[in-house]
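I have placed the structure first, in the form of structure tokens, so that the comments after it can refer back to it.
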Amino acid sequence: MRRLSRFNLAALVLGIAFLYLPIVILIVYSFNASRLVAVWGGWSTRWYAALAQDTALLQAASISFRIAFISATLATILGTLAAVSLVRFGRFRGRLLFAAMIYAPLVMPEVITGLSMLLLFVAVSADRGFWTVVIAHTTMATCFVAVIIQSRLVDFDVSLEEAAMDLGASPAQTFVLVTLALIFPAIAASWMLAFALSLDDLVIASFTTGPGATTLPIRIYSEVRLGVSPEMNAVCSIIVAVVGIAVIAASILTKLNAARGAPVREA
Amino acid sequence: MNPRPQRSLLTRLVVWIPYVWLVAFFLMPFLIVLKMSLSQSAIAQPPYTPVFDLSAGWHGVRSFFAGLSFDNFVFLGSDPLYVLSYMKSLEIAAFSTLLLLIIGYPIAYAITRTPGRLQSILVVLVILPFWTSFLIRIYAWMNILQHDGPLNQLLLALHIVRAPPAWLSTNTAVYIGIVYSYLPFMVLPLYAALEKLDESLLEAAADLGCPRWKTFWFVTLPLSAPGAVAGALLCFIPIVGEFVIPDLLGGSQTSMIGQAIWTEFFANKDWPTASAVAVVLVCLLVTPIVIFQHQTMRGVERG
């Protein structure tokens, strides 16, 4: 008996428009030939061409991508281990603290996470730079990965594992060949989301970075503080496109996963 | 039946690797912030005293405790600038959470009214902007709200205003930025709660002659309350400590506490004060964070 009233339809259309219009406007303006916002100078890709000359920006992008790649990989491993411990190992000692450390960073204001990370690095007198940002991003992303994998494991049909073990597979074999294989799409999706999180982060990276490790968001932020510019419109449009493709890929993977492994649930 | 967990070396490693990582890089840093907030600032590198010196043994521990001071907290309490910043942050977070509820609820509700296939597409559409950078989405609004930007051009063209109003550096801009950035966080938990709602309850109410608005008020709304609480917490807590939005869209009148930490840290290089500001912020947020954790843990474990 579910029907879409006119009010519902209006809420949907306005909501989606509100979410997407600003990004669409940004992308359209990135193709504006004129430097002035008020003047439409026709379509042009000159700001994109100008980006190719901006070596500082390209270097920041390359640093950001490397940090995102390494921290997403580490976070996926740590987060998967954490999720397995929480779902499969029952009540072990210190579980409450463990769970608290996984959920708290999800809502903790980034300024606090960043500040505390930095003070840790100073306390152990670590040189701040590339690797300190990697550690900070790994920690933040681990929690997101753990929550995603955890909810996937809760849905998991345990009889599949029991069948494998009845047929003579060892617990380790069962875990790798059955469990990991079945939740793999969720793992891949978490990796992509961890990658996107790292690529986006400004605040935590600002606190934990050092000389020579300026990430893309830090670079963009320092430009954007001075005001709107067409070059920045172009950079931001490229990032939106990259992240958009990654997230769509991730959600398709999750769909496949849901269709394959989970017990069928009709809404 | 679950096979009995065997505590082999391998399983212990599975728990210990992430555990040790989180203790080292999440818990430890917090203890250090706490310690730092009780230190005094000094013109040095790093800019604070006392430094915890383990090599001095027991004497070092004693002098460490002797060196602690609550001066930073006394200073925070006595400076109206900080008190006002905290109040402003809580006020902005509370009001924007309310706005998010009012805007997010109809959207989440409408999604549950659409056919199944469309529903999952709409959910992805709502999540998608969340993954594109905060910074970029705020920048997109700087673009729109600037003096000769698209919004003012539209308003002028429609003859709604005579002179272009200033949007940037106002409270309005900060609220727009916050609602825009946090809308997915509000819509998703609401949708999750509404989607689980048992349709037969609504039918039962209708069969018993209950008008639709009454069914909504007495059945739908209370049953979706857990989703509303989850969404509100998921928004409120990070908004209180928000930095990027007030920094780029706000002006001097919207100085929030996240900016205070940032300024103390990067501009004034006063690490102990920055830490004290952070500690007070965590104390303010501790209750909502505990409620949030409790809810998430229960939610995830139920599946």
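In the structure tokens, each chain is lettered A, B, ... as it comes, each chain's residues begin at 1, and ligands are numbered from 1 in order of appearance.
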Contact residues around region 223-226 of chain B with only C-alpha atoms at 10 Å, ignoring same-chain residues under 5 positions, as a PDB file with N, CA and C atoms, in the first residue's frame:
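The result, stored in result_20.pdb:
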ATOM      1  N   TYR B 105      13.740  14.370   7.436  1.00  0.00           N
ATOM      2  CA  TYR B 105      12.648  13.420   7.645  1.00  0.00           C
ATOM      3  C   TYR B 105      11.769  13.233   6.413  1.00  0.00           C
ATOM      4  N   TYR B 109      11.430   9.690   4.502  1.00  0.00           N
ATOM      5  CA  TYR B 109      10.090   9.111   4.432  1.00  0.00           C
ATOM      6  C   TYR B 109       9.696   8.863   2.980  1.00  0.00           C
ATOM      7  N   PRO B 189      20.146   7.123   8.662  1.00  0.00           N
ATOM      8  CA  PRO B 189      19.565   6.426   9.818  1.00  0.00           C
ATOM      9  C   PRO B 189      18.045   6.524   9.860  1.00  0.00           C
ATOM     10  N   LEU B 190      17.501   7.679   9.452  1.00  0.00           N
ATOM     11  CA  LEU B 190      16.047   7.825   9.421  1.00  0.00           C
ATOM     12  C   LEU B 190      15.443   6.832   8.443  1.00  0.00           C
ATOM     13  N   TYR B 191      16.079   6.730   7.269  1.00  0.00           N
ATOM     14  CA  TYR B 191      15.583   5.795   6.255  1.00  0.00           C
ATOM     15  C   TYR B 191      15.637   4.365   6.792  1.00  0.00           C
ATOM     16  N   ALA B 192      16.764   4.012   7.435  1.00  0.00           N
ATOM     17  CA  ALA B 192      16.913   2.655   7.963  1.00  0.00           C
ATOM     18  C   ALA B 192      15.794   2.326   8.947  1.00  0.00           C
ATOM     19  N   ALA B 193      15.448   3.310   9.799  1.00  0.00           N
ATOM     20  CA  ALA B 193      14.391   3.075  10.785  1.00  0.00           C
ATOM     21  C   ALA B 193      13.028   2.974  10.104  1.00  0.00           C
ATOM     22  N   LEU B 194      12.771   3.871   9.154  1.00  0.00           N
ATOM     23  CA  LEU B 194      11.454   3.892   8.498  1.00  0.00           C
ATOM     24  C   LEU B 194      11.256   2.677   7.610  1.00  0.00           C
ATOM     25  N   GLU B 195      12.369   2.192   7.033  1.00  0.00           N
ATOM     26  CA  GLU B 195      12.270   1.083   6.103  1.00  0.00           C
ATOM     27  C   GLU B 195      11.871  -0.197   6.828  1.00  0.00           C
ATOM     28  N   LYS B 196      12.291  -0.304   8.098  1.00  0.00           N
ATOM     29  CA  LYS B 196      11.991  -1.508   8.880  1.00  0.00           C
ATOM     30  C   LYS B 196      10.559  -1.514   9.390  1.00  0.00           C
ATOM     31  N   LEU B 197       9.910  -0.372   9.292  1.00  0.00           N
ATOM     32  CA  LEU B 197       8.570  -0.223   9.859  1.00  0.00           C
ATOM     33  C   LEU B 197       7.608  -1.244   9.259  1.00  0.00           C
ATOM     34  N   ASP B 198       6.903  -1.930  10.136  1.00  0.00           N
ATOM     35  CA  ASP B 198       5.990  -2.977   9.687  1.00  0.00           C
ATOM     36  C   ASP B 198       4.726  -2.355   9.086  1.00  0.00           C
ATOM     37  N   PHE B 216       0.262   8.585  11.337  1.00  0.00           N
ATOM     38  CA  PHE B 216       1.637   9.066  11.221  1.00  0.00           C
ATOM     39  C   PHE B 216       2.146   9.525  12.587  1.00  0.00           C
ATOM     40  N   TRP B 217       1.332  10.309  13.273  1.00  0.00           N
ATOM     41  CA  TRP B 217       1.754  10.920  14.539  1.00  0.00           C
ATOM     42  C   TRP B 217       1.943   9.881  15.637  1.00  0.00           C
ATOM     43  N   PHE B 218       1.038   8.882  15.701  1.00  0.00           N
ATOM     44  CA  PHE B 218       1.067   7.941  16.822  1.00  0.00           C
ATOM     45  C   PHE B 218       1.772   6.622  16.505  1.00  0.00           C
ATOM     46  N   GLY B 231      20.498   9.678  13.953  1.00  0.00           N
ATOM     47  CA  GLY B 231      20.858  10.729  13.002  1.00  0.00           C
ATOM     48  C   GLY B 231      21.264  12.007  13.710  1.00  0.00           C
ATOM     49  N   ALA B 232      20.488  12.367  14.743  1.00  0.00           N
ATOM     50  CA  ALA B 232      20.776  13.612  15.458  1.00  0.00           C
ATOM     51  C   ALA B 232      22.158  13.560  16.103  1.00  0.00           C
ATOM     52  N   GLN B 295      24.078   2.854  21.194  1.00  0.00           N
ATOM     53  CA  GLN B 295      23.107   2.600  20.122  1.00  0.00           C
ATOM     54  C   GLN B 295      23.710   1.833  18.958  1.00  0.00           C
TER      55      GLN B 295
END
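Residues in contact range of region 241-245 of chain B, defined as at most 7 Å between only C-alpha atoms, with sequence neighbours fewer than 6 positions away removed, read Pro109 and Val111 of chain A; Ile138, Val174, Gly177, Ile178, Ile257, Gly258 and Gln259 of chain B.
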Contact residues (chain A, partner chain B, 7 Å, only C-alpha atoms) as a PDB file with C-alpha atoms, in the first residue's frame:
ATOM      1  CA  ARG A   2       2.994   2.263  -0.364  1.00  0.00           C
ATOM      2  CA  ARG A   3       2.162   5.294  -2.433  1.00  0.00           C
ATOM      3  CA  LEU A   4       4.094   8.368  -3.286  1.00  0.00           C
ATOM      4  CA  ASN A   8       6.687  12.977  -0.883  1.00  0.00           C
ATOM      5  CA  LEU A   9       7.624  13.574  -4.499  1.00  0.00           C
ATOM      6  CA  ALA A  11      10.594  16.287  -0.840  1.00  0.00           C
ATOM      7  CA  LEU A  12      12.522  13.830  -3.005  1.00  0.00           C
ATOM      8  CA  GLY A  15      16.271  16.977  -1.600  1.00  0.00           C
ATOM      9  CA  LEU A  19      22.414  17.726  -2.797  1.00  0.00           C
ATOM     10  CA  PRO A  22      25.944  22.930  -6.028  1.00  0.00           C
ATOM     11  CA  ILE A  23      28.255  20.258  -7.444  1.00  0.00           C
ATOM     12  CA  LEU A  26      30.782  23.924  -9.690  1.00  0.00           C
ATOM     13  CA  VAL A  37      32.013  34.438 -12.240  1.00  0.00           C
ATOM     14  CA  ALA A  38      29.426  36.968 -13.377  1.00  0.00           C
ATOM     15  CA  LEU A  78      43.187  -3.875  10.570  1.00  0.00           C
ATOM     16  CA  LEU A  81      40.657  -8.236  11.848  1.00  0.00           C
ATOM     17  CA  ALA A  82      38.827  -5.959  14.282  1.00  0.00           C
ATOM     18  CA  SER A  85      37.274 -10.266  16.609  1.00  0.00           C
ATOM     19  CA  PHE A  89      35.235 -14.212  19.345  1.00  0.00           C
ATOM     20  CA  PHE A  98      37.870  -2.359  21.963  1.00  0.00           C
ATOM     21  CA  ALA A 100      34.483   1.856  22.217  1.00  0.00           C
ATOM     22  CA  MET A 101      37.737   2.598  20.389  1.00  0.00           C
ATOM     23  CA  TYR A 103      32.916   3.551  17.438  1.00  0.00           C
ATOM     24  CA  ALA A 104      34.258   6.722  19.059  1.00  0.00           C
ATOM     25  CA  VAL A 107      31.869  10.835  15.480  1.00  0.00           C
ATOM     26  CA  MET A 108      34.901  12.404  17.158  1.00  0.00           C
ATOM     27  CA  PRO A 109      35.439  15.946  15.857  1.00  0.00           C
ATOM     28  CA  VAL A 111      40.176  18.724  15.201  1.00  0.00           C
ATOM     29  CA  ILE A 112      40.475  16.624  18.345  1.00  0.00           C
ATOM     30  CA  SER A 116      45.826  14.246  19.745  1.00  0.00           C
ATOM     31  CA  MET A 117      47.646  12.394  16.954  1.00  0.00           C
ATOM     32  CA  LEU A 119      50.826  15.365  20.267  1.00  0.00           C
ATOM     33  CA  LEU A 120      51.548  11.636  20.188  1.00  0.00           C
ATOM     34  CA  THR A 139      43.539   4.808  12.382  1.00  0.00           C
ATOM     35  CA  SER A 151      27.562  -5.548   9.778  1.00  0.00           C
ATOM     36  CA  VAL A 154      26.526 -10.340  11.404  1.00  0.00           C
ATOM     37  CA  ASP A 155      24.385 -11.150   8.342  1.00  0.00           C
ATOM     38  CA  ALA A 196      38.132   8.164  -0.438  1.00  0.00           C
ATOM     39  CA  ASP A 200      39.357  13.918   1.344  1.00  0.00           C
ATOM     40  CA  ARG A 225      40.872  30.496   1.708  1.00  0.00           C
ATOM     41  CA  VAL A 228      36.988  31.281  -5.517  1.00  0.00           C
ATOM     42  CA  CYS A 236      37.520  20.104  -7.461  1.00  0.00           C
ATOM     43  CA  VAL A 240      34.447  14.833  -7.666  1.00  0.00           C
ATOM     44  CA  VAL A 243      35.589   9.892  -6.093  1.00  0.00           C
ATOM     45  CA  GLY A 244      32.198   9.536  -7.779  1.00  0.00           C
ATOM     46  CA  VAL A 247      31.961   5.126  -4.915  1.00  0.00           C
TER      47      VAL A 247
END
### Task
Please indicate the distance in Å from CA of Ile245 (chain A) to CA of Ser30 (chain A), rounded to one decimal place.
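Between these atoms lies a distance of 18.8 Å.
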